[in-house]
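File shown: final.csv (CSV, C-alpha atoms and all ligand atoms).
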chain,number,residue,atom,x,y,z
L,5,MET,CA,-128.4,100.7,-41.7
L,6,ALA,CA,-130.8,100.8,-38.7
L,7,HIS,CA,-132.5,103.9,-40.2
L,8,ARG,CA,-132.7,102.4,-43.7
L,9,TYR,CA,-133.8,98.9,-42.9
L,10,GLY,CA,-135.3,99.2,-39.4
L,11,THR,CA,-134.5,97.2,-36.3
L,12,PRO,CA,-133.9,94.5,-35.0
L,13,LEU,CA,-131.4,94.0,-37.8
L,14,TYR,CA,-128.6,91.4,-38.1
L,15,PHE,CA,-125.8,92.3,-40.4
L,16,TYR,CA,-122.9,90.2,-41.4
L,17,ASN,CA,-119.6,91.1,-43.1
L,18,LEU,CA,-118.2,88.5,-45.4
L,19,ALA,CA,-114.7,90.2,-45.2
L,20,ASP,CA,-114.6,89.2,-41.5
L,21,VAL,CA,-115.6,85.6,-42.4
L,22,ARG,CA,-112.7,85.4,-44.9
L,23,ALA,CA,-110.2,87.0,-42.4
L,24,ARG,CA,-111.2,84.7,-39.5
L,25,THR,CA,-111.0,81.6,-41.8
L,26,ALA,CA,-107.5,82.5,-43.0
L,27,ASP,CA,-106.5,83.1,-39.4
L,28,LEU,CA,-107.8,79.7,-38.2
L,29,ILE,CA,-106.2,77.8,-41.1
L,30,ALA,CA,-102.9,79.5,-40.4
L,31,GLY,CA,-103.1,78.3,-36.7
L,32,LEU,CA,-103.6,74.6,-37.6
L,33,PRO,CA,-101.1,72.1,-38.8
L,34,ALA,CA,-100.2,72.2,-42.5
L,35,GLY,CA,-102.6,70.1,-44.5
L,36,ALA,CA,-105.3,69.9,-41.7
L,37,ARG,CA,-108.9,70.3,-43.0
L,38,VAL,CA,-111.4,72.7,-41.4
L,39,LEU,CA,-115.0,71.9,-41.5
L,40,TYR,CA,-117.5,74.7,-41.0
L,41,SER,CA,-120.2,73.7,-38.4
L,42,LEU,CA,-123.4,75.1,-40.0
L,43,LYS,CA,-125.1,75.2,-36.6
L,44,ALA,CA,-123.3,78.4,-35.9
L,45,ASN,CA,-124.9,80.2,-38.8
L,46,PRO,CA,-126.6,78.5,-41.7
L,47,LEU,CA,-127.2,81.6,-43.8
L,48,LEU,CA,-126.5,80.8,-47.4
L,49,PRO,CA,-124.1,83.6,-48.3
L,50,ILE,CA,-122.0,82.9,-45.2
L,51,VAL,CA,-121.9,79.2,-45.9
L,52,SER,CA,-121.0,79.9,-49.6
L,53,GLN,CA,-118.2,82.2,-48.4
L,54,LEU,CA,-116.8,79.5,-46.1
L,55,ARG,CA,-116.7,77.0,-49.0
L,56,ALA,CA,-114.9,79.6,-51.2
L,57,ALA,CA,-112.4,80.1,-48.3
L,58,GLY,CA,-111.5,76.4,-48.3
L,59,CYS,CA,-113.6,74.9,-45.5
L,60,GLY,CA,-115.5,71.6,-45.7
L,61,ALA,CA,-119.0,71.3,-44.2
L,62,GLU,CA,-120.2,69.6,-41.0
L,63,VAL,CA,-124.0,69.4,-40.8
L,64,SER,CA,-126.4,67.9,-38.3
L,65,SER,CA,-129.9,68.1,-39.9
L,66,PRO,CA,-131.7,67.8,-43.2
L,67,GLY,CA,-132.1,71.6,-43.2
L,68,GLU,CA,-128.4,72.2,-42.8
L,69,LEU,CA,-127.6,69.7,-45.5
L,70,ASP,CA,-129.9,71.4,-47.9
L,71,VAL,CA,-128.1,74.7,-47.2
L,72,ALA,CA,-124.7,73.1,-47.7
L,73,GLY,CA,-125.9,71.8,-51.1
L,74,ALA,CA,-127.3,75.2,-52.1
L,75,ALA,CA,-123.9,76.7,-51.1
L,76,GLY,CA,-122.2,74.4,-53.6
L,77,PHE,CA,-120.7,71.8,-51.3
L,78,ASP,CA,-120.4,68.4,-53.0
L,79,ALA,CA,-122.5,66.1,-50.7
L,80,THR,CA,-119.8,63.4,-50.9
L,81,THR,CA,-117.5,65.7,-49.0
L,82,VAL,CA,-119.9,66.7,-46.3
L,83,LEU,CA,-119.6,65.2,-42.8
L,84,TYR,CA,-123.1,64.4,-41.3
L,85,THR,CA,-122.9,64.5,-37.5
L,86,GLY,CA,-125.1,64.7,-34.4
L,87,PRO,CA,-126.9,62.4,-32.0
L,88,GLY,CA,-130.4,61.2,-32.7
L,89,LYS,CA,-130.2,60.7,-36.5
L,90,THR,CA,-133.5,59.2,-37.6
L,91,VAL,CA,-133.9,56.8,-40.5
L,92,HIS,CA,-135.6,59.7,-42.3
L,93,ASP,CA,-132.6,61.9,-41.6
L,94,ILE,CA,-130.1,59.3,-42.9
L,95,GLU,CA,-132.2,58.5,-46.0
L,96,HIS,CA,-132.6,62.2,-46.8
L,97,ALA,CA,-128.8,62.5,-46.6
L,98,VAL,CA,-128.0,59.3,-48.5
L,99,THR,CA,-130.4,60.2,-51.3
L,100,ARG,CA,-128.6,63.5,-51.7
L,101,GLY,CA,-125.3,61.9,-52.0
L,102,VAL,CA,-123.8,62.0,-48.4
L,103,SER,CA,-121.5,59.1,-47.9
L,104,ARG,CA,-119.7,60.0,-44.6
L,105,PHE,CA,-121.4,60.0,-41.2
L,106,SER,CA,-120.1,60.5,-37.7
L,107,CYS,CA,-121.9,57.6,-35.9
L,108,GLU,CA,-123.0,58.0,-32.3
L,109,SER,CA,-124.3,54.6,-31.2
L,110,ALA,CA,-124.9,51.0,-32.0
L,111,THR,CA,-128.5,51.8,-32.8
L,112,GLU,CA,-127.4,54.4,-35.3
L,113,LEU,CA,-124.9,51.9,-36.8
L,114,GLN,CA,-127.8,49.6,-37.5
L,115,ARG,CA,-129.9,52.4,-39.1
L,116,LEU,CA,-126.9,53.4,-41.3
L,117,SER,CA,-126.4,49.8,-42.3
L,118,ASP,CA,-130.1,49.4,-43.2
L,119,VAL,CA,-130.2,52.5,-45.3
L,120,ALA,CA,-126.9,51.6,-47.0
L,121,ALA,CA,-128.4,48.2,-47.9
L,122,GLN,CA,-131.7,49.6,-49.1
L,123,HIS,CA,-129.9,52.1,-51.3
L,124,GLN,CA,-127.1,49.8,-52.3
L,125,ARG,CA,-124.5,52.2,-51.1
L,126,GLN,CA,-121.2,52.0,-49.2
L,127,LEU,CA,-121.0,54.5,-46.3
L,128,SER,CA,-117.9,55.8,-44.6
L,129,ILE,CA,-118.2,56.0,-40.8
L,130,LEU,CA,-116.3,58.0,-38.3
L,131,LEU,CA,-117.1,56.5,-34.9
L,132,ARG,CA,-117.7,59.4,-32.5
L,133,LEU,CA,-116.0,58.7,-29.2
L,134,THR,CA,-117.1,60.0,-25.8
L,135,PRO,CA,-114.5,62.2,-24.2
L,136,THR,CA,-113.8,61.2,-20.7
L,137,ASP,CA,-112.4,64.5,-19.7
L,138,SER,CA,-112.1,68.0,-21.1
L,139,PRO,CA,-109.9,71.0,-20.4
L,140,ALA,CA,-111.5,74.1,-19.0
L,141,CYS,CA,-114.1,75.2,-21.5
L,142,GLN,CA,-117.4,77.0,-21.4
L,143,LEU,CA,-119.5,74.1,-22.9
L,144,SER,CA,-118.0,70.7,-22.1
L,145,MET,CA,-119.1,67.5,-23.8
L,146,GLY,CA,-117.0,65.6,-21.4
L,147,ASP,CA,-119.4,64.2,-18.8
L,148,GLY,CA,-119.0,60.8,-20.5
L,149,ARG,CA,-122.7,60.2,-21.1
L,150,HIS,CA,-124.4,62.0,-23.9
L,151,PHE,CA,-122.3,61.8,-27.1
L,152,GLY,CA,-120.8,59.0,-29.0
L,153,PHE,CA,-119.3,55.6,-28.0
L,154,GLN,CA,-117.4,54.9,-24.8
L,155,PRO,CA,-114.2,53.0,-25.6
L,156,ARG,CA,-115.6,49.6,-24.6
L,157,GLU,CA,-118.7,50.2,-26.8
L,158,ALA,CA,-116.5,51.3,-29.7
L,159,VAL,CA,-114.6,48.0,-29.5
L,160,LEU,CA,-117.8,46.0,-29.7
L,161,ALA,CA,-119.2,48.2,-32.5
L,162,CYS,CA,-116.0,47.7,-34.6
L,163,ALA,CA,-116.2,43.9,-34.1
L,164,ALA,CA,-119.9,43.9,-35.3
L,165,ILE,CA,-119.5,46.3,-38.3
L,166,ARG,CA,-122.0,45.5,-40.9
L,167,ASP,CA,-122.2,45.2,-44.7
L,168,GLY,CA,-122.3,48.6,-46.4
L,169,LEU,CA,-120.3,50.3,-43.8
L,170,ALA,CA,-116.6,50.9,-43.4
L,171,VAL,CA,-115.0,52.5,-40.3
L,172,ASP,CA,-112.6,55.1,-41.8
L,173,GLY,CA,-111.8,56.9,-38.6
L,174,PHE,CA,-112.9,58.5,-35.3
L,175,HIS,CA,-114.4,61.8,-34.2
L,176,VAL,CA,-114.0,63.4,-30.8
L,177,TYR,CA,-115.4,66.8,-29.8
L,178,VAL,CA,-114.4,67.7,-26.3
L,179,GLY,CA,-116.3,71.0,-26.0
L,180,SER,CA,-116.8,74.6,-27.2
L,181,GLN,CA,-115.1,77.8,-26.1
L,182,LEU,CA,-111.6,76.5,-25.1
L,183,THR,CA,-110.4,80.0,-24.4
L,184,THR,CA,-106.6,79.7,-24.5
L,185,VAL,CA,-104.0,78.0,-26.7
L,186,ASP,CA,-103.1,75.8,-23.8
L,187,ALA,CA,-106.7,74.6,-23.5
L,188,LEU,CA,-107.0,74.0,-27.3
L,189,VAL,CA,-103.8,71.9,-27.2
L,190,ALA,CA,-105.0,70.0,-24.1
L,191,GLY,CA,-108.3,69.4,-25.9
L,192,ALA,CA,-106.6,68.1,-29.0
L,193,ALA,CA,-104.3,65.9,-26.8
L,194,HIS,CA,-107.3,64.4,-25.1
L,195,ALA,CA,-109.0,63.7,-28.4
L,196,LYS,CA,-105.8,62.1,-29.7
L,197,GLU,CA,-105.4,59.9,-26.6
L,198,THR,CA,-109.1,58.8,-26.8
L,199,ILE,CA,-108.7,57.8,-30.4
L,200,GLU,CA,-105.4,56.0,-29.8
L,201,GLU,CA,-106.9,54.0,-27.0
L,202,VAL,CA,-109.8,52.8,-29.2
L,203,ALA,CA,-107.6,52.4,-32.3
L,204,THR,CA,-105.2,50.2,-30.3
L,205,ALA,CA,-108.0,48.1,-28.7
L,206,THR,CA,-109.9,47.6,-32.0
L,207,GLY,CA,-107.0,47.3,-34.4
L,208,VAL,CA,-108.7,49.9,-36.6
L,209,ALA,CA,-105.9,52.3,-37.8
L,210,PRO,CA,-107.9,55.4,-38.7
L,211,ARG,CA,-107.5,57.0,-42.1
L,212,ILE,CA,-109.3,60.1,-40.9
L,213,VAL,CA,-109.3,61.7,-37.4
L,214,ASP,CA,-111.7,64.5,-36.6
L,215,LEU,CA,-110.3,66.2,-33.5
L,216,GLY,CA,-113.2,68.6,-33.0
L,217,GLY,CA,-112.2,72.2,-32.1
L,218,GLY,CA,-113.6,74.5,-29.5
L,219,PHE,CA,-111.9,77.5,-31.1
L,220,PRO,CA,-113.1,80.4,-29.0
L,221,TRP,CA,-114.8,83.8,-29.7
L,222,PRO,CA,-116.8,86.0,-27.3
L,223,TYR,CA,-120.6,85.7,-27.6
L,224,ALA,CA,-122.6,88.9,-27.9
L,225,ALA,CA,-119.9,90.8,-26.0
L,226,HIS,CA,-117.0,92.9,-27.1
L,227,GLY,CA,-113.6,91.4,-27.5
L,228,GLN,CA,-111.8,88.7,-29.5
L,229,GLY,CA,-110.8,85.1,-29.1
L,230,CYS,CA,-107.3,84.2,-28.1
L,231,GLU,CA,-104.5,84.7,-30.7
L,232,LEU,CA,-103.8,81.4,-32.5
L,233,ALA,CA,-100.3,82.2,-33.8
L,234,ALA,CA,-98.7,79.8,-31.3
L,235,LEU,CA,-101.1,77.0,-32.0
L,236,ARG,CA,-99.7,75.5,-35.2
L,237,ASN,CA,-96.3,74.5,-33.9
L,238,ARG,CA,-97.7,73.0,-30.7
L,239,LEU,CA,-100.3,71.0,-32.6
L,240,GLU,CA,-97.7,69.8,-35.1
L,241,THR,CA,-95.5,68.6,-32.3
L,242,LEU,CA,-98.5,66.9,-30.6
L,243,LEU,CA,-99.7,65.2,-33.8
L,244,ALA,CA,-96.2,64.1,-35.0
L,245,ASN,CA,-96.5,60.6,-33.5
L,246,TRP,CA,-99.6,58.4,-33.5
L,247,CYS,CA,-100.2,55.0,-32.1
L,248,PRO,CA,-100.7,52.5,-33.7
L,249,ALA,CA,-100.4,54.4,-37.1
L,250,ARG,CA,-100.5,57.9,-38.4
L,251,PRO,CA,-103.8,58.9,-40.0
L,252,THR,CA,-103.8,60.3,-43.5
L,253,GLU,CA,-106.2,63.1,-42.8
L,254,VAL,CA,-106.6,65.3,-39.7
L,255,TRP,CA,-109.8,67.4,-39.5
L,256,PHE,CA,-111.0,70.1,-37.2
L,257,GLU,CA,-114.5,71.7,-36.8
L,258,SER,CA,-115.4,75.3,-36.1
L,259,GLY,CA,-118.5,77.4,-36.1
L,260,ARG,CA,-118.2,80.5,-33.9
L,261,ARG,CA,-114.5,81.2,-34.6
L,262,LEU,CA,-115.3,81.6,-38.3
L,263,THR,CA,-118.5,83.6,-38.2
L,264,ALA,CA,-119.1,85.3,-34.7
L,265,ALA,CA,-117.1,88.4,-35.4
L,266,ALA,CA,-118.8,88.9,-38.8
L,267,GLY,CA,-122.2,89.5,-37.2
L,268,SER,CA,-123.8,92.4,-35.3
L,269,LEU,CA,-127.3,93.0,-34.1
L,270,LEU,CA,-128.8,96.5,-34.1
L,271,THR,CA,-131.7,97.1,-31.7
L,272,THR,CA,-133.6,100.3,-30.9
L,273,VAL,CA,-134.3,101.6,-27.4
L,274,VAL,CA,-138.1,101.5,-27.0
L,275,ASP,CA,-138.4,102.7,-23.4
L,276,VAL,CA,-136.1,103.7,-20.5
L,277,LYS,CA,-137.2,103.4,-16.8
L,278,LYS,CA,-135.2,104.8,-14.0
L,279,ARG,CA,-135.5,102.4,-11.1
L,280,THR,CA,-133.8,102.1,-7.8
L,281,GLY,CA,-130.7,100.0,-8.3
L,282,GLY,CA,-130.3,101.0,-12.0
L,283,VAL,CA,-131.9,101.8,-15.2
L,284,VAL,CA,-134.1,99.4,-17.2
L,285,VAL,CA,-133.8,99.8,-21.0
L,286,VAL,CA,-136.4,98.1,-23.1
L,287,VAL,CA,-135.2,97.3,-26.6
L,288,ASP,CA,-137.0,95.9,-29.7
L,289,ALA,CA,-134.8,92.7,-29.8
L,290,GLY,CA,-135.5,90.1,-27.2
L,291,ILE,CA,-134.4,86.5,-26.6
L,292,ASN,CA,-136.6,85.6,-29.6
L,293,VAL,CA,-134.1,87.4,-31.7
L,294,LEU,CA,-130.8,86.7,-29.9
L,295,GLY,CA,-130.1,83.4,-28.2
L,296,GLY,CA,-133.3,81.6,-27.5
L,297,MET,CA,-135.1,80.8,-24.3
L,298,SER,CA,-133.2,78.0,-22.5
L,299,GLY,CA,-131.5,74.7,-22.5
L,300,LEU,CA,-129.0,75.2,-25.3
L,301,GLY,CA,-126.1,76.1,-23.1
L,302,ARG,CA,-125.5,78.9,-25.5
L,303,VAL,CA,-128.4,80.9,-24.4
L,304,LEU,CA,-127.5,84.5,-23.8
L,305,ARG,CA,-126.7,84.8,-20.1
L,306,PRO,CA,-127.2,88.3,-18.8
L,307,SER,CA,-123.9,89.5,-20.2
L,308,ALA,CA,-124.4,91.1,-23.6
L,309,THR,CA,-122.5,94.3,-24.2
L,310,PHE,CA,-124.0,97.2,-26.1
L,311,HIS,CA,-122.5,100.1,-28.0
L,312,ASN,CA,-124.8,103.1,-28.2
L,313,LEU,CA,-124.4,104.1,-31.8
L,314,SER,CA,-126.7,107.2,-31.4
L,315,SER,CA,-124.6,108.7,-28.6
L,316,SER,CA,-122.7,111.7,-30.1
L,317,ARG,CA,-122.2,113.4,-26.8
L,318,GLU,CA,-119.4,112.8,-24.2
L,319,PRO,CA,-119.8,109.2,-23.1
L,320,LYS,CA,-122.0,109.1,-19.9
L,321,PRO,CA,-122.2,105.4,-18.9
L,322,VAL,CA,-125.0,104.1,-16.8
L,323,THR,CA,-125.6,100.7,-15.3
L,324,ALA,CA,-128.7,99.2,-16.8
L,325,ASP,CA,-130.8,96.0,-17.2
L,326,VAL,CA,-131.5,95.6,-20.9
L,327,VAL,CA,-134.8,93.7,-21.6
L,328,GLY,CA,-136.6,92.6,-24.7
L,329,PRO,CA,-140.3,93.1,-25.8
L,330,LEU,CA,-141.6,89.7,-24.9
L,331,CYS,CA,-144.1,89.1,-22.1
L,332,THR,CA,-141.8,87.0,-19.9
L,333,PRO,CA,-139.4,87.9,-17.2
L,334,LEU,CA,-136.9,85.6,-18.9
L,335,ASP,CA,-136.6,88.1,-21.8
L,336,ARG,CA,-133.5,89.9,-20.5
L,337,LEU,CA,-130.4,90.4,-22.7
L,338,ALA,CA,-128.2,91.8,-19.9
L,339,ALA,CA,-128.3,92.5,-16.2
L,340,ARG,CA,-126.4,95.4,-14.8
L,341,THR,CA,-124.5,96.1,-17.9
L,342,VAL,CA,-122.8,99.4,-18.5
L,343,VAL,CA,-124.0,101.3,-21.6
L,344,ASP,CA,-123.7,104.9,-22.7
L,345,THR,CA,-126.9,106.6,-21.4
L,346,PRO,CA,-129.7,105.3,-23.7
L,347,HIS,CA,-132.6,107.5,-24.8
L,348,ILE,CA,-135.7,106.4,-26.6
L,349,GLY,CA,-135.0,105.9,-30.3
L,350,ASP,CA,-131.2,105.3,-29.8
L,351,VAL,CA,-129.8,102.4,-31.7
L,352,LEU,CA,-127.6,99.9,-29.8
L,353,GLN,CA,-125.2,97.5,-31.4
L,354,VAL,CA,-124.5,94.0,-30.0
L,355,PRO,CA,-121.2,92.7,-31.3
L,356,ASN,CA,-120.0,89.1,-32.0
L,357,VAL,CA,-123.4,87.6,-32.9
L,358,GLY,CA,-122.5,86.1,-36.3
L,359,ALA,CA,-122.6,82.7,-34.6
L,360,TYR,CA,-125.5,81.3,-32.5
L,361,GLY,CA,-127.5,84.5,-33.2
L,362,LEU,CA,-130.8,84.4,-35.0
L,363,THR,CA,-131.2,80.7,-35.6
L,364,ALA,CA,-130.0,79.7,-32.1
L,365,SER,CA,-133.5,79.9,-30.7
L,366,LEU,CA,-135.5,76.9,-29.7
L,367,THR,CA,-137.5,76.4,-32.9
L,368,SER,CA,-134.9,77.4,-35.4
L,369,PHE,CA,-131.7,76.0,-33.9
L,370,LEU,CA,-130.1,73.6,-36.3
L,371,SER,CA,-132.7,74.5,-38.9
L,372,ARG,CA,-134.9,71.6,-37.7
L,373,GLU,CA,-138.6,71.5,-38.6
L,374,ALA,CA,-140.9,73.0,-35.9
L,375,PRO,CA,-143.3,70.5,-34.2
L,376,LEU,CA,-146.8,70.0,-35.5
L,377,GLU,CA,-149.6,71.7,-33.4
L,378,LEU,CA,-152.9,69.9,-33.5
L,379,VAL,CA,-156.1,71.7,-32.5
L,380,LEU,CA,-158.8,69.3,-31.1
L,381,ASP,CA,-162.5,69.8,-30.2
L,382,GLY,CA,-163.3,66.9,-28.0
L,383,ASP,CA,-162.0,63.8,-29.9
L,384,THR,CA,-162.0,65.6,-33.3
L,385,VAL,CA,-158.9,67.1,-34.8
L,386,VAL,CA,-160.1,70.5,-36.1
L,387,SER,CA,-156.9,71.7,-37.7
L,388,SER,CA,-153.1,71.4,-37.6
L,389,TRP,CA,-150.4,74.0,-37.8
L,390,ARG,CA,-146.7,74.1,-38.2
L,391,LEU,CA,-144.5,77.1,-37.8
L,392,SER,CA,-142.4,77.5,-40.8
L,393,ALA,CA,-138.8,76.5,-39.9
L,394,HIS,CA,-136.1,79.0,-40.3
L,395,THR,CA,-135.2,78.7,-43.9
L,396,ALA,CA,-133.9,82.1,-44.9
L,397,THR,CA,-135.1,83.3,-48.3
L,398,ALA,CA,-133.5,86.3,-50.0
L,399,ALA,CA,-135.2,89.5,-49.2
L,400,SER,CA,-135.0,92.7,-51.4
L,401,CYS,CA,-133.5,95.7,-49.7
V,501,LIG,C1,-119.8,68.2,-32.6
V,501,LIG,C2,-119.7,69.7,-32.7
V,501,LIG,N1,-118.9,70.2,-33.7
V,501,LIG,C3,-118.7,71.5,-33.8
V,501,LIG,C4,-119.4,72.4,-33.0
V,501,LIG,C5,-119.2,73.9,-33.2
V,501,LIG,O1,-118.8,74.6,-32.1
V,501,LIG,P1,-118.2,76.1,-32.2
V,501,LIG,O2,-119.2,76.9,-32.9
V,501,LIG,O3,-118.0,76.5,-30.8
V,501,LIG,O4,-116.9,76.0,-33.0
V,501,LIG,C6,-120.2,71.9,-32.0
V,501,LIG,C7,-121.0,72.8,-31.1
V,501,LIG,O5,-121.7,72.5,-30.2
V,501,LIG,C8,-120.4,70.5,-31.8
V,501,LIG,O6,-121.2,70.0,-30.9

Could you rewrite the structure in this file as structure tokens?
Amino acid sequence: MAHRYGTPLYFYNLADVRARTADLIAGLPAGARVLYSLKANPLLPIVSQLRAAGCGAEVSSPGELDVAGAAGFDATTVLYTGPGKTVHDIEHAVTRGVSRFSCESATELQRLSDVAAQHQRQLSILLRLTPTDSPACQLSMGDGRHFGFQPREAVLACAAIRDGLAVDGFHVYVGSQLTTVDALVAGAAHAKETIEEVATATGVAPRIVDLGGGFPWPYAAHGQGCELAALRNRLETLLANWCPARPTEVWFESGRRLTAAAGSLLTTVVDVKKRTGGVVVVVDAGINVLGGMSGLGRVLRPSATFHNLSSSREPKPVTADVVGPLCTPLDRLAARTVVDTPHIGDVLQVPNVGAYGLTASLTSFLSREAPLELVLDGDTVVSSWRLSAHTATAASC
């Protein structure tokens, strides 16, 4: 494929998406619903495959919602999540038929109510609750500040619920990459306790509870996420009793667990430098192609692993820094990683990048529109520019 299509090249295998989805559903309590988090990979054929495999959709931007629609999801079944929803985002969603939102704050509640009134619609709300703790995970949401309502705020919000809105349940997301079954069960237990605390205080018996997920899979490195075979029984036991009342529907969300394994990145070695302390390998895929620059918490740390597909000789591993082609010292995919001796022209494969790969860069993450760039001469605006956001269009091959 590298020779035929050139590199850098992402390729995804839908069979892996189907296998991983079946595996996750088998690990969850009977009747639980899995929502696919489009942030992990919004490519249309992947999203369509997840719909066909029985997942719902969790979106957090107009771009993701449009992809979900194109993939055949009925907008009334989509859950719209994420902090910082603008009136424009909510209107875009409501006019496309979305009726269920995870709500993050009192301000957002007001915006949802205003848009509901303007469009004469009734919206179903899951109040997102701030986790106060989280089990060991690689990306915790549990610092108690950024996401959702704290219990006291949720009580006030329920008391002040406005026309056009109905609180149908609660949403808790404790974090990503809960790497063991124990951690996954602890995460679900914390979500349940948080919901029960607020349900008891507000008197709102939730019809729907979204317990988040955190289902793990390695990122850009060899390996697999933990086996989930033991999870179903443990979750069923945990969820057998609810206070004050049993919800009708239990939902989970997952991105990486469903798509990471399906994706690989192929990159070609452009240069090799022998330096004291190790080899430096320059490849044609940098952090513009894999992971993004900074600040997402999912940015590729210097830990990617590479399989040298061109090496037909006896394996001769070397320790190398693998760097991309960008003019910044930040453009490093791996520091002191072990790779079978690379030669110029060799093709290297990075595994497990079907989630948070190409679109998890700063301008494309969540398929948000890139900011406007204005060019001024003195006080005069000379021209304006906007990078086209990542909306993948079918390419002939
Ligand atoms: C609210 C929410 N749901 C779902 C996800 C998907 O996480 P993952 O891809 O690790 O399953 C995230 C990731 O940040 C999230 O913040």

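Distances to L:Ile291 were evaluated for L:Glu200, L:Asp325, L:Asp335, L:Glu231 using all atoms listed in the file, and the minimum falls at L:Asp335.
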
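Taking atom CA of L:Val82 as the reference point, atom CA of L:Ala34 is found at 20.8 Å.
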
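Across the model, the gap from atom CA of L:Pro87 to atom CA of L:Thr183 is 25.3 Å.
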
Skipping near chain neighbours, those fewer than 3 positions away, what residues fall within 8 Å of L:Asn45 using all atoms listed in the file, listed as a compact mmCIF listing (two decimals) with C-alpha atoms, in the frame of the given file?
# COMPACT_ATOMS: atom_id res chain seq x y z
CA LEU L 42 -123.40 75.10 -40.00
CA ILE L 50 -122.00 82.90 -45.20
CA VAL L 51 -121.90 79.20 -45.90
CA GLY L 259 -118.50 77.40 -36.10
CA THR L 263 -118.50 83.60 -38.20
CA GLY L 358 -122.50 86.10 -36.30
CA ALA L 359 -122.60 82.70 -34.60
CA TYR L 360 -125.50 81.30 -32.50
CA GLY L 361 -127.50 84.50 -33.20
CA THR L 363 -131.20 80.70 -35.60

Contacts of ligand LIG 501 (chain V), 10 Å or closer, only C-alpha atoms and all ligand atoms, given as a ChimeraX atom specification:
/L:39-45,62-64,85-87,106,132,142-145,151-152,175-182,214-221,256-264,300-302,359-360

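The residue set within 12 Å of L:Asp118, counting all atoms listed in the file and dropping same-chain residues fewer than 5 places from it, reads Thr90, Val91, His92, Ile94, Glu95, Val98, Thr111, Glu112, Leu113, His123, Gln124, Arg125, Gln126, Leu127, Arg166, Asp167, Gly168 and Leu169 of chain L.
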
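Distances here use only C-alpha atoms; by that measure, the residue among L:Gln228, L:Gln353, L:Thr397, L:Thr241 closest to L:Val287 is L:Gln353.
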
Mind checking which residues fall within 10 Å of L:Gln154, counting only C-alpha atoms, ignoring those fewer than 5 positions away in the same chain, and posting them as a PyMOL selection string?
chain L and resi 108-109+132-136+148-149+159+198+202

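Reported to one decimal place, the separation of atom CA of L:Val342 from atom CA of L:Ser315 is 13.8 Å.
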
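Counting all atoms listed in the file, the residue from L:Leu130, L:Leu32, L:Leu242, L:Ala205 that sits nearest to L:Pro155 is L:Ala205.
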
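When the distance limit is 10 Å and only C-alpha atoms are what count, the residues near L:Leu69, minus those fewer than 6 positions from it on the same chain, are Leu42, Pro46, Ala61, Glu62, Val63, Ala75, Phe77, Ala79, Val82, Leu83, Tyr84, His96, Ala97, Arg100, Val102 and Ser371 of chain L.
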
Compile the contact shell of L:Leu232 as a VMD selection string: residues with an atom at most 8 Å away, counting all atoms listed in the file, same-chain residues fewer than 5 positions apart removed.
chain L and resid 27 to 28 31 185

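Shortest atom-to-atom contact with L:Val71 among L:Ala396, L:Thr384, L:Cys401, L:Val213: L:Ala396, counting all atoms listed in the file.
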